[in-house]
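Chemist: So that you have it, the file is start-v9.cif, and it contains mmCIF, C-alpha atoms:
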data_coords
#
loop_
_atom_site.label_atom_id
_atom_site.label_comp_id
_atom_site.auth_asym_id
_atom_site.auth_seq_id
_atom_site.Cartn_x
_atom_site.Cartn_y
_atom_site.Cartn_z
CA MET A 1 24.44 2.21 -3.10
CA LYS A 2 22.01 1.13 -5.82
CA ILE A 3 18.80 3.16 -5.64
CA GLY A 4 15.66 2.19 -7.56
CA ILE A 5 13.15 4.97 -8.18
CA PHE A 6 9.45 4.59 -8.83
CA GLY A 7 7.18 7.60 -9.09
CA SER A 8 3.78 9.03 -9.84
CA GLU A 9 3.22 10.31 -13.35
CA TYR A 10 0.82 13.02 -12.18
CA GLN A 11 3.02 15.52 -10.38
CA ASP A 12 3.94 18.22 -12.89
CA ASN A 13 3.85 20.83 -10.11
CA LYS A 14 6.34 18.81 -8.03
CA GLN A 15 9.20 18.78 -10.52
CA ILE A 16 11.38 21.06 -8.38
CA ILE A 17 11.24 18.46 -5.59
CA ILE A 18 11.93 15.62 -8.04
CA ARG A 19 14.95 17.37 -9.50
CA ARG A 20 16.26 18.09 -6.01
CA ILE A 21 16.01 14.40 -5.10
CA PHE A 22 18.03 13.36 -8.14
CA ASP A 23 20.63 16.06 -7.40
CA LEU A 24 21.00 14.78 -3.85
CA LEU A 25 21.34 11.17 -4.99
CA LEU A 26 24.03 12.13 -7.48
CA ALA A 27 25.83 14.14 -4.79
CA HIS A 28 25.89 10.95 -2.69
CA GLU A 29 27.30 9.08 -5.72
CA ALA A 30 24.36 6.68 -5.86
CA ASP A 31 23.84 4.30 -8.75
CA ILE A 32 20.37 5.32 -9.93
CA TYR A 33 17.92 2.95 -11.61
CA VAL A 34 14.53 4.34 -12.68
CA ASP A 35 11.29 2.59 -13.56
CA ARG A 36 10.79 2.90 -17.31
CA SER A 37 7.34 4.52 -17.23
CA PHE A 38 8.51 7.09 -14.68
CA TYR A 39 11.68 7.80 -16.67
CA GLU A 40 9.63 8.36 -19.81
CA TYR A 41 7.40 10.73 -17.85
CA LEU A 42 10.46 12.67 -16.64
CA THR A 43 12.00 12.95 -20.10
CA ASN A 44 8.88 13.44 -22.22
CA LYS A 45 6.60 15.42 -19.90
CA LEU A 46 8.99 17.28 -17.58
CA LEU A 47 11.82 17.49 -20.15
CA PHE A 48 14.21 16.28 -17.46
CA SER A 49 16.80 13.64 -18.34
CA PRO A 50 18.75 12.73 -15.20
CA PRO A 51 21.83 10.54 -15.61
CA VAL A 52 20.96 6.98 -14.63
CA HIS A 53 22.76 3.66 -14.48
CA GLY A 54 19.83 1.70 -15.82
CA ILE A 55 16.11 1.41 -16.50
CA ILE A 56 13.87 -0.96 -14.54
CA ASP A 57 11.62 -3.15 -16.64
CA GLY A 58 9.34 -5.76 -15.08
CA ASP A 59 9.47 -6.96 -11.49
CA ASP A 60 12.88 -8.67 -11.49
CA PHE A 61 15.51 -6.08 -10.55
CA GLN A 62 18.34 -5.78 -8.05
CA VAL A 63 18.80 -2.61 -6.01
CA ASP A 64 19.63 -1.89 -2.39
CA VAL A 65 16.75 0.51 -1.70
CA VAL A 66 13.60 1.61 -3.53
CA LEU A 67 12.44 5.22 -3.35
CA SER A 68 8.75 5.83 -3.99
CA LEU A 69 8.07 9.41 -5.12
CA GLY A 70 4.39 10.28 -4.85
CA GLY A 71 1.59 9.43 -2.47
CA ASP A 72 0.39 6.24 -0.82
CA GLY A 73 -0.98 4.92 -4.12
CA THR A 74 2.46 5.19 -5.69
CA PHE A 75 3.92 3.47 -2.63
CA LEU A 76 1.50 0.55 -2.98
CA ARG A 77 2.28 0.17 -6.69
CA SER A 78 5.99 0.18 -5.84
CA VAL A 79 5.43 -2.56 -3.25
CA ALA A 80 3.73 -4.69 -5.90
CA ARG A 81 6.73 -4.20 -8.21
CA ILE A 82 9.14 -5.22 -5.45
CA ASN A 83 7.03 -8.35 -5.07
CA LYS A 84 8.67 -10.92 -2.77
CA GLN A 85 12.14 -9.39 -2.98
CA GLU A 86 13.48 -8.23 0.38
CA ILE A 87 14.20 -4.70 -0.85
CA PRO A 88 13.39 -1.97 1.69
CA ILE A 89 11.26 0.90 0.47
CA LEU A 90 11.27 4.57 1.46
CA GLY A 91 8.25 6.72 0.66
CA ILE A 92 8.80 10.40 -0.14
CA ASN A 93 5.50 12.24 -0.12
CA THR A 94 4.75 14.44 -3.10
CA GLY A 95 1.06 13.57 -2.87
CA ARG A 96 -1.55 14.38 -0.24
CA LEU A 97 -2.02 12.69 3.14
CA GLY A 98 0.82 10.18 3.10
CA PHE A 99 0.65 7.48 5.78
CA LEU A 100 3.06 5.23 3.88
CA ALA A 101 4.91 7.93 1.97
CA ASP A 102 5.52 9.98 5.07
CA ILE A 103 8.72 11.90 4.27
CA GLY A 104 7.77 15.52 3.63
CA HIS A 105 9.59 17.84 1.21
CA ASN A 106 11.26 19.64 4.12
CA GLU A 107 12.81 16.35 5.34
CA ILE A 108 14.33 15.10 2.10
CA GLU A 109 17.91 16.31 2.61
CA ASP A 110 18.19 14.95 6.16
CA THR A 111 16.45 11.69 5.27
CA LEU A 112 18.70 10.90 2.32
CA ALA A 113 21.80 11.84 4.35
CA GLU A 114 20.69 9.37 7.02
CA LEU A 115 19.96 6.75 4.36
CA PHE A 116 23.53 6.84 3.05
CA LYS A 117 24.86 6.68 6.61
CA ASN A 118 22.67 3.60 7.25
CA TYR A 119 21.01 5.52 10.06
CA TYR A 120 17.40 4.35 9.87
CA ARG A 121 15.18 1.53 11.04
CA ILE A 122 13.17 -1.00 9.07
CA GLU A 123 9.61 -1.99 9.92
CA GLU A 124 8.37 -5.37 8.72
CA ARG A 125 4.79 -4.90 7.52
CA THR A 126 2.29 -7.74 7.10
CA GLN A 127 0.92 -8.54 3.66
CA LEU A 128 -2.20 -10.50 2.73
CA ARG A 129 -2.37 -13.34 0.22
CA LEU A 130 -5.42 -14.03 -1.94
CA VAL A 131 -6.09 -17.48 -3.37
CA THR A 132 -9.07 -18.15 -5.64
CA SER A 133 -10.73 -21.39 -6.62
CA GLN A 134 -10.13 -22.53 -10.18
CA HIS A 135 -6.96 -20.39 -10.10
CA ARG A 136 -9.07 -17.54 -11.43
CA TYR A 137 -6.89 -14.68 -10.19
CA LYS A 138 -3.86 -14.23 -12.45
CA GLY A 139 -2.35 -10.96 -11.19
CA TYR A 140 -0.15 -10.08 -8.22
CA ASN A 141 -2.18 -11.76 -5.48
CA TYR A 142 -0.74 -9.95 -2.46
CA ALA A 143 -1.80 -6.75 -0.71
CA LEU A 144 -0.11 -4.52 1.84
CA ASN A 145 -3.26 -2.60 2.81
CA GLU A 146 -6.33 -4.68 2.16
CA VAL A 147 -8.31 -7.18 0.16
CA ALA A 148 -11.75 -5.72 -0.58
CA ILE A 149 -14.75 -7.65 -1.90
CA LEU A 150 -17.19 -5.19 -3.46
CA LYS A 151 -20.42 -5.12 -5.44
CA GLN A 152 -19.83 -4.45 -9.12
CA ASP A 153 -22.57 -1.91 -9.72
CA SER A 154 -24.46 0.74 -7.76
CA SER A 155 -27.68 -1.17 -7.19
CA SER A 156 -28.01 -4.40 -5.22
CA MET A 157 -25.92 -5.45 -2.25
CA ILE A 158 -23.92 -8.64 -2.26
CA THR A 159 -23.92 -11.40 0.35
CA ILE A 160 -20.52 -12.54 1.61
CA HIS A 161 -20.58 -15.85 3.49
CA THR A 162 -17.53 -15.66 5.75
CA SER A 163 -15.72 -18.38 7.67
CA ILE A 164 -12.60 -18.13 9.85
CA ASP A 165 -10.42 -21.22 10.22
CA GLU A 166 -13.29 -23.32 8.80
CA GLN A 167 -15.71 -21.97 11.41
CA TYR A 168 -18.68 -20.05 10.07
CA LEU A 169 -18.69 -16.40 11.18
CA ALA A 170 -21.51 -14.56 9.39
CA SER A 171 -23.13 -13.72 6.08
CA TYR A 172 -22.55 -10.06 5.42
CA GLN A 173 -25.22 -8.35 3.34
CA ALA A 174 -23.44 -5.17 2.35
CA ASP A 175 -21.84 -3.15 -0.41
CA GLY A 176 -18.66 -5.01 0.39
CA LEU A 177 -16.23 -6.41 2.94
CA ILE A 178 -12.67 -5.31 3.68
CA ILE A 179 -9.96 -7.53 5.17
CA ALA A 180 -7.20 -5.15 6.22
CA THR A 181 -3.73 -5.47 7.68
CA PRO A 182 -2.59 -3.18 10.49
CA THR A 183 -0.97 -1.02 7.80
CA GLY A 184 -4.27 -0.91 5.91
CA SER A 185 -6.29 -0.07 9.00
CA THR A 186 -5.67 3.64 8.30
CA ALA A 187 -6.75 3.30 4.65
CA TYR A 188 -10.03 2.05 3.15
CA SER A 189 -11.04 0.29 6.37
CA LEU A 190 -10.76 3.52 8.37
CA SER A 191 -12.98 5.34 5.88
CA VAL A 192 -15.83 2.94 6.69
CA ASN A 193 -15.33 3.27 10.47
CA GLY A 194 -12.86 0.45 11.02
CA PRO A 195 -10.47 0.65 14.01
CA ILE A 196 -6.91 1.92 13.84
CA ILE A 197 -4.35 -0.82 14.56
CA THR A 198 -0.68 -0.19 15.23
CA PRO A 199 1.58 -1.56 12.46
CA GLN A 200 3.37 -4.07 14.72
CA SER A 201 0.13 -5.71 15.88
CA THR A 202 -0.38 -9.35 14.97
CA SER A 203 -3.97 -8.75 13.90
CA LEU A 204 -6.25 -8.33 10.92
CA VAL A 205 -9.53 -6.42 10.79
CA ILE A 206 -12.73 -7.38 8.97
CA THR A 207 -14.80 -4.30 8.15
CA PRO A 208 -18.15 -4.32 6.31
CA VAL A 209 -18.91 -1.59 3.77
CA ALA A 210 -22.43 -0.14 4.26
CA PRO A 211 -23.86 -3.29 5.88
CA HIS A 212 -27.62 -3.89 5.68
CA SER A 213 -27.68 -4.74 9.38
CA LEU A 214 -26.43 -2.10 11.81
CA ASN A 215 -25.19 -4.75 14.26
CA MET A 216 -22.51 -5.89 11.79
CA ARG A 217 -19.47 -4.21 13.33
CA PRO A 218 -15.74 -4.36 12.49
CA LEU A 219 -13.99 -7.39 13.93
CA VAL A 220 -10.31 -7.74 14.87
CA ILE A 221 -8.89 -11.25 14.52
CA PRO A 222 -5.43 -12.88 14.86
CA ASP A 223 -3.33 -12.57 11.72
CA LYS A 224 -2.75 -16.33 11.66
CA SER A 225 -6.42 -16.79 10.80
CA ILE A 226 -7.48 -18.06 7.38
CA LEU A 227 -10.63 -16.54 5.92
CA THR A 228 -12.87 -18.26 3.39
CA LEU A 229 -15.37 -16.15 1.46
CA ASP A 230 -18.23 -17.21 -0.79
CA ILE A 231 -20.21 -14.49 -2.53
CA GLU A 232 -23.78 -14.23 -3.75
CA SER A 233 -24.66 -11.45 -6.20
CA ARG A 234 -27.87 -10.72 -8.10
CA ASN A 235 -25.95 -9.88 -11.25
CA ASP A 236 -23.67 -12.93 -10.75
CA PHE A 237 -20.50 -10.86 -10.59
CA PHE A 238 -18.51 -8.94 -7.99
CA LEU A 239 -15.23 -7.06 -7.66
CA VAL A 240 -12.09 -8.02 -5.78
CA ALA A 241 -9.62 -5.20 -5.12
CA LEU A 242 -6.11 -5.72 -3.78
CA ASP A 243 -4.69 -2.35 -2.75
CA GLY A 244 -6.91 -0.79 -5.41
CA ARG A 245 -6.05 -3.27 -8.20
CA SER A 246 -9.50 -4.63 -9.05
CA GLU A 247 -10.79 -7.53 -11.11
CA VAL A 248 -14.30 -8.81 -11.86
CA PHE A 249 -15.17 -12.33 -10.65
CA PRO A 250 -18.15 -14.61 -11.19
CA ALA A 251 -20.14 -15.34 -8.06
CA ASN A 252 -19.28 -19.07 -8.07
CA ILE A 253 -15.64 -18.34 -7.16
CA SER A 254 -14.47 -19.08 -3.61
CA LEU A 255 -11.84 -16.79 -2.05
CA THR A 256 -9.27 -17.54 0.63
CA VAL A 257 -7.43 -14.70 2.37
CA SER A 258 -4.52 -15.28 4.74
CA LYS A 259 -1.31 -13.70 5.97
CA ALA A 260 1.42 -13.80 3.34
CA GLU A 261 4.67 -15.66 3.93
CA HIS A 262 6.69 -12.51 3.19
CA THR A 263 6.55 -8.94 4.47
CA THR A 264 7.10 -5.46 3.12
CA ARG A 265 10.24 -3.80 4.53
CA VAL A 266 9.51 -0.13 5.14
CA ILE A 267 12.29 2.35 5.91
CA LYS A 268 11.51 4.77 8.75
CA ARG A 269 13.52 7.61 10.21
CA HIS A 270 14.46 7.44 13.85
CA GLY A 271 11.90 9.55 15.67
CA HIS A 272 9.21 8.91 13.05
CA THR A 273 6.72 6.88 15.10
CA PHE A 274 3.24 5.71 14.22
CA TYR A 275 1.80 7.80 17.03
CA LYS A 276 3.49 10.92 15.70
CA THR A 277 2.06 10.14 12.28
CA LEU A 278 -1.43 9.89 13.78
CA ARG A 279 -1.02 13.29 15.40
CA ASP A 280 0.39 14.88 12.25
CA LYS A 281 -1.86 13.28 9.62
CA LEU A 282 -5.14 12.98 11.54
CA MET A 283 -4.54 16.09 13.65
CA TRP A 284 -5.17 14.26 16.91
CA GLY A 285 -5.41 16.73 19.76
CA ALA A 286 -5.36 19.74 17.41
CA ASP A 287 -7.74 22.56 18.23
CA ILE A 288 -9.16 23.93 14.98
CA ARG A 289 -10.07 27.11 16.85
CA GLU A 290 -6.40 27.93 17.21
CA SER A 291 -4.92 30.13 14.49
#
I'd like the structure from this file rewritten - as structure tokens, please.

Modeler:
Amino acid sequence: MKIGIFGSEYQDNKQIIIRRIFDLLLAHEADIYVDRSFYEYLTNKLLFSPPVHGIIDGDDFQVDVVLSLGGDGTFLRSVARINKQEIPILGINTGRLGFLADIGHNEIEDTLAELFKNYYRIEERTQLRLVTSQHRYKGYNYALNEVAILKQDSSSMITIHTSIDEQYLASYQADGLIIATPTGSTAYSLSVNGPIITPQSTSLVITPVAPHSLNMRPLVIPDKSILTLDIESRNDFFLVALDGRSEVFPANISLTVSKAEHTTRVIKRHGHTFYKTLRDKLMWGADIRES
């Protein structure tokens, strides 16, 4: 099995876990391919030079499975590197909360054993596609979590004129607007009081960030909807962030956000359900009075 490895470069205190993962992969006789920046981090910073079959440069590579070692941010960066390739990705959590990278350090041995036995399931996760007028956006224009339109500075709000399927919805006066997938409903959108949506739902959620009007509430819409956004800003610029990758745009740019034609294929262990993740990560039903 060809395994591609991408990882965070800020986990010096996790090197025991990282070394254990490589040892397990070698014990399973995997062909290991490592992202160049992560390999340089391992060799230069951690002084660890694992035997590998190759180094991954760019976004065009061929492996059977990608392992993301880090937190959810590392997972999202790995998804962007996979791009439209139908390579399944497994997130091993060496970060903090970990909704996407949900394999804990105490599950690594069992998870990798199941991986090499092909005993796992794959969830197809919706992505969003951003299109800009004048072809302004030049980067990877897809997002697994969300597309966020945000004010550039800390002063004035922006106005986001929003239409759905060519029907006018509203003009949001706010610090920003988030269009999130079901996967992204537990990320940025949740932090500004958006609803939680199960990953298999065929929905998107529009969530304003600090809206000027208190009656501007989150809205769940079908994922086949096409959103058109036109932005007014006093300083004539605003930010667009796709899974945290942000760029500055002039206010005369029109944005279109829709469901992407491809999905992200996420590897999940049998028994690892979304509801269990909610209980474990958000401590649903936990009594903090209990010792």

Chemist: Quick one: everything within 12 Å of Asp12 (chain A), counting all atoms listed in the file, minus sequence neighbours fewer than 2 positions away in the same chain. Send it as a PyMOL selection string.

Modeler: chain A and resi 7-10+14-19+41-42+44-48+70+94-95

Chemist: From the options A:Ala143, A:His270, A:Ala174, A:His105, which residue's atoms come nearest to Val131 (chain A), counting only C-alpha atoms?

Modeler: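 Of A:Ala143, A:His270, A:Ala174, A:His105, the one nearest Val131 (chain A) is A:Ala143, counting only C-alpha atoms.
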
Chemist: So which residues fall inside 12 Å of (4.7, -16.0, 7.4) if we count only C-alpha atoms? Mind giving them as a PyMOL selection string?

Modeler: chain A and resi 124-129+202+223-225+258-264

Chemist: Measuring atom to atom with only C-alpha atoms, identify which of A:Ile32, A:Lys138, A:Gln152, A:Leu229 is nearest to Tyr168 (chain A).

Modeler: A:Leu229

Chemist: Evaluating the PyMOL selection byres ((chain A and resi 194) around 8) on the displayed file yields which residues, as an MDAnalysis selection string?

Modeler: chainID A and resid 185 189:193 195:196 205 207 218

Chemist: Care to translate the PyMOL selection byres ((chain A and resi 173) around 8) into actual residues of this file, as a compact mmCIF listing (two decimals) with C-alpha atoms, in the frame of the given file?

Modeler:
# COMPACT_ATOMS: atom_id res chain seq x y z
CA MET A 157 -25.92 -5.45 -2.25
CA ILE A 158 -23.92 -8.64 -2.26
CA THR A 159 -23.92 -11.40 0.35
CA ILE A 160 -20.52 -12.54 1.61
CA SER A 171 -23.13 -13.72 6.08
CA TYR A 172 -22.55 -10.06 5.42
CA ALA A 174 -23.44 -5.17 2.35
CA ASP A 175 -21.84 -3.15 -0.41
CA GLY A 176 -18.66 -5.01 0.39
CA PRO A 211 -23.86 -3.29 5.88
CA HIS A 212 -27.62 -3.89 5.68
CA SER A 213 -27.68 -4.74 9.38

Chemist: What is the distance, in Å and to one decimal place, between CA of Thr186 (chain A) and CA of Ser203 (chain A)?

Modeler: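 That distance, rounded to one decimal, is 13.7 Å.
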
Chemist: Between CA of Phe75 (chain A) and CA of Thr228 (chain A), what is the distance in Å, rounded to a tenth?

Modeler: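 Computed distance, CA of Phe75 (chain A) to CA of Thr228 (chain A), equals 28.1 Å.
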
Chemist: Distance cut-off 6 Å, centre (10.2, 12.2, 1.5) in file coordinates, counting all atoms listed in the file: which residues qualify? Return them as a list in words.

Modeler: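 Answer for this query, in the requested form: Gly91, Ile92, Asn93, Ile103, Gly104, His105 and Ile108 of chain A.
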
Chemist: With distances taken over only C-alpha atoms, which residue among A:Asn13, A:Asn235, A:Gln62, A:Asn106 lies nearest Val248 (chain A)?

Modeler: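 Of all the options, A:Asn235 lies closest to Val248 (chain A).
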
Chemist: Between CA of Val63 (chain A) and CA of Glu107 (chain A), what is the distance, to one decimal in Å?

Modeler: 22.9 Å

Chemist: Write out as a PyMOL selection string each polymer residue whose atoms come within 7 Å of region 132-134 of chain A, counting only C-alpha atoms; drop sequence neighbours fewer than 4 positions from it.

Modeler: chain A and resi 253-256

Chemist: Within 12 Å of Tyr120 (chain A), counting all atoms listed in the file, which residues show up once you throw out same-chain ones fewer than 3 positions away? Write them as a ChimeraX atom specification, please.

Modeler: /A:88-90,110-117,123,266-272

Chemist: Measuring between all atoms listed in the file, which one of A:Ile231, A:Ile206, A:Pro182, A:Gln200 shows the shortest distance to His161 (chain A)?

Modeler: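 Between A:Ile231, A:Ile206, A:Pro182, A:Gln200, the residue approaching His161 (chain A) most closely is A:Ile231.
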
Chemist: With the PyMOL selection byres ((chain A and resi 82) around 10) as the selection, what would be picked from this file? Answer as a list in words, please.

Modeler: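 Taken on the displayed file, the PyMOL selection byres ((chain A and resi 82) around 10) yields the residues Gly58, Asp59, Asp60, Phe61, Gln62, Val66, Leu76, Arg77, Ser78, Val79, Ala80, Arg81, Asn83, Lys84, Gln85, Glu86, Ile87, Pro88, Ile89 and Thr264 of chain A.
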
Chemist: How would the residues just chosen look if you wrote them out with C-alpha atoms as a compact mmCIF listing (two decimals), keeping the file's coordinate frame?

Modeler:
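File part-v3.txt, as written:
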# COMPACT_ATOMS: atom_id res chain seq x y z
CA GLY A 58 9.34 -5.76 -15.08
CA ASP A 59 9.47 -6.96 -11.49
CA ASP A 60 12.88 -8.67 -11.49
CA PHE A 61 15.51 -6.08 -10.55
CA GLN A 62 18.34 -5.78 -8.05
CA VAL A 66 13.60 1.61 -3.53
CA LEU A 76 1.50 0.55 -2.98
CA ARG A 77 2.28 0.17 -6.69
CA SER A 78 5.99 0.18 -5.84
CA VAL A 79 5.43 -2.56 -3.25
CA ALA A 80 3.73 -4.69 -5.90
CA ARG A 81 6.73 -4.20 -8.21
CA ASN A 83 7.03 -8.35 -5.07
CA LYS A 84 8.67 -10.92 -2.77
CA GLN A 85 12.14 -9.39 -2.98
CA GLU A 86 13.48 -8.23 0.38
CA ILE A 87 14.20 -4.70 -0.85
CA PRO A 88 13.39 -1.97 1.69
CA ILE A 89 11.26 0.90 0.47
CA THR A 264 7.10 -5.46 3.12

Chemist: Considering only C-alpha atoms, can you say which of A:Pro208, A:Gly4, A:Gly184, A:Pro222 comes closest to Val52 (chain A)?

Modeler: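 Answer, going by the shortest atom-to-atom distance: A:Gly4.
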
Chemist: Looking at all atoms listed in the file, which of A:Val34, A:Met1, A:Ile197, A:Ile226 is the one that sits closest to Tyr275 (chain A)?

Modeler: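 Under the stated criterion, the closest residue is A:Ile197.
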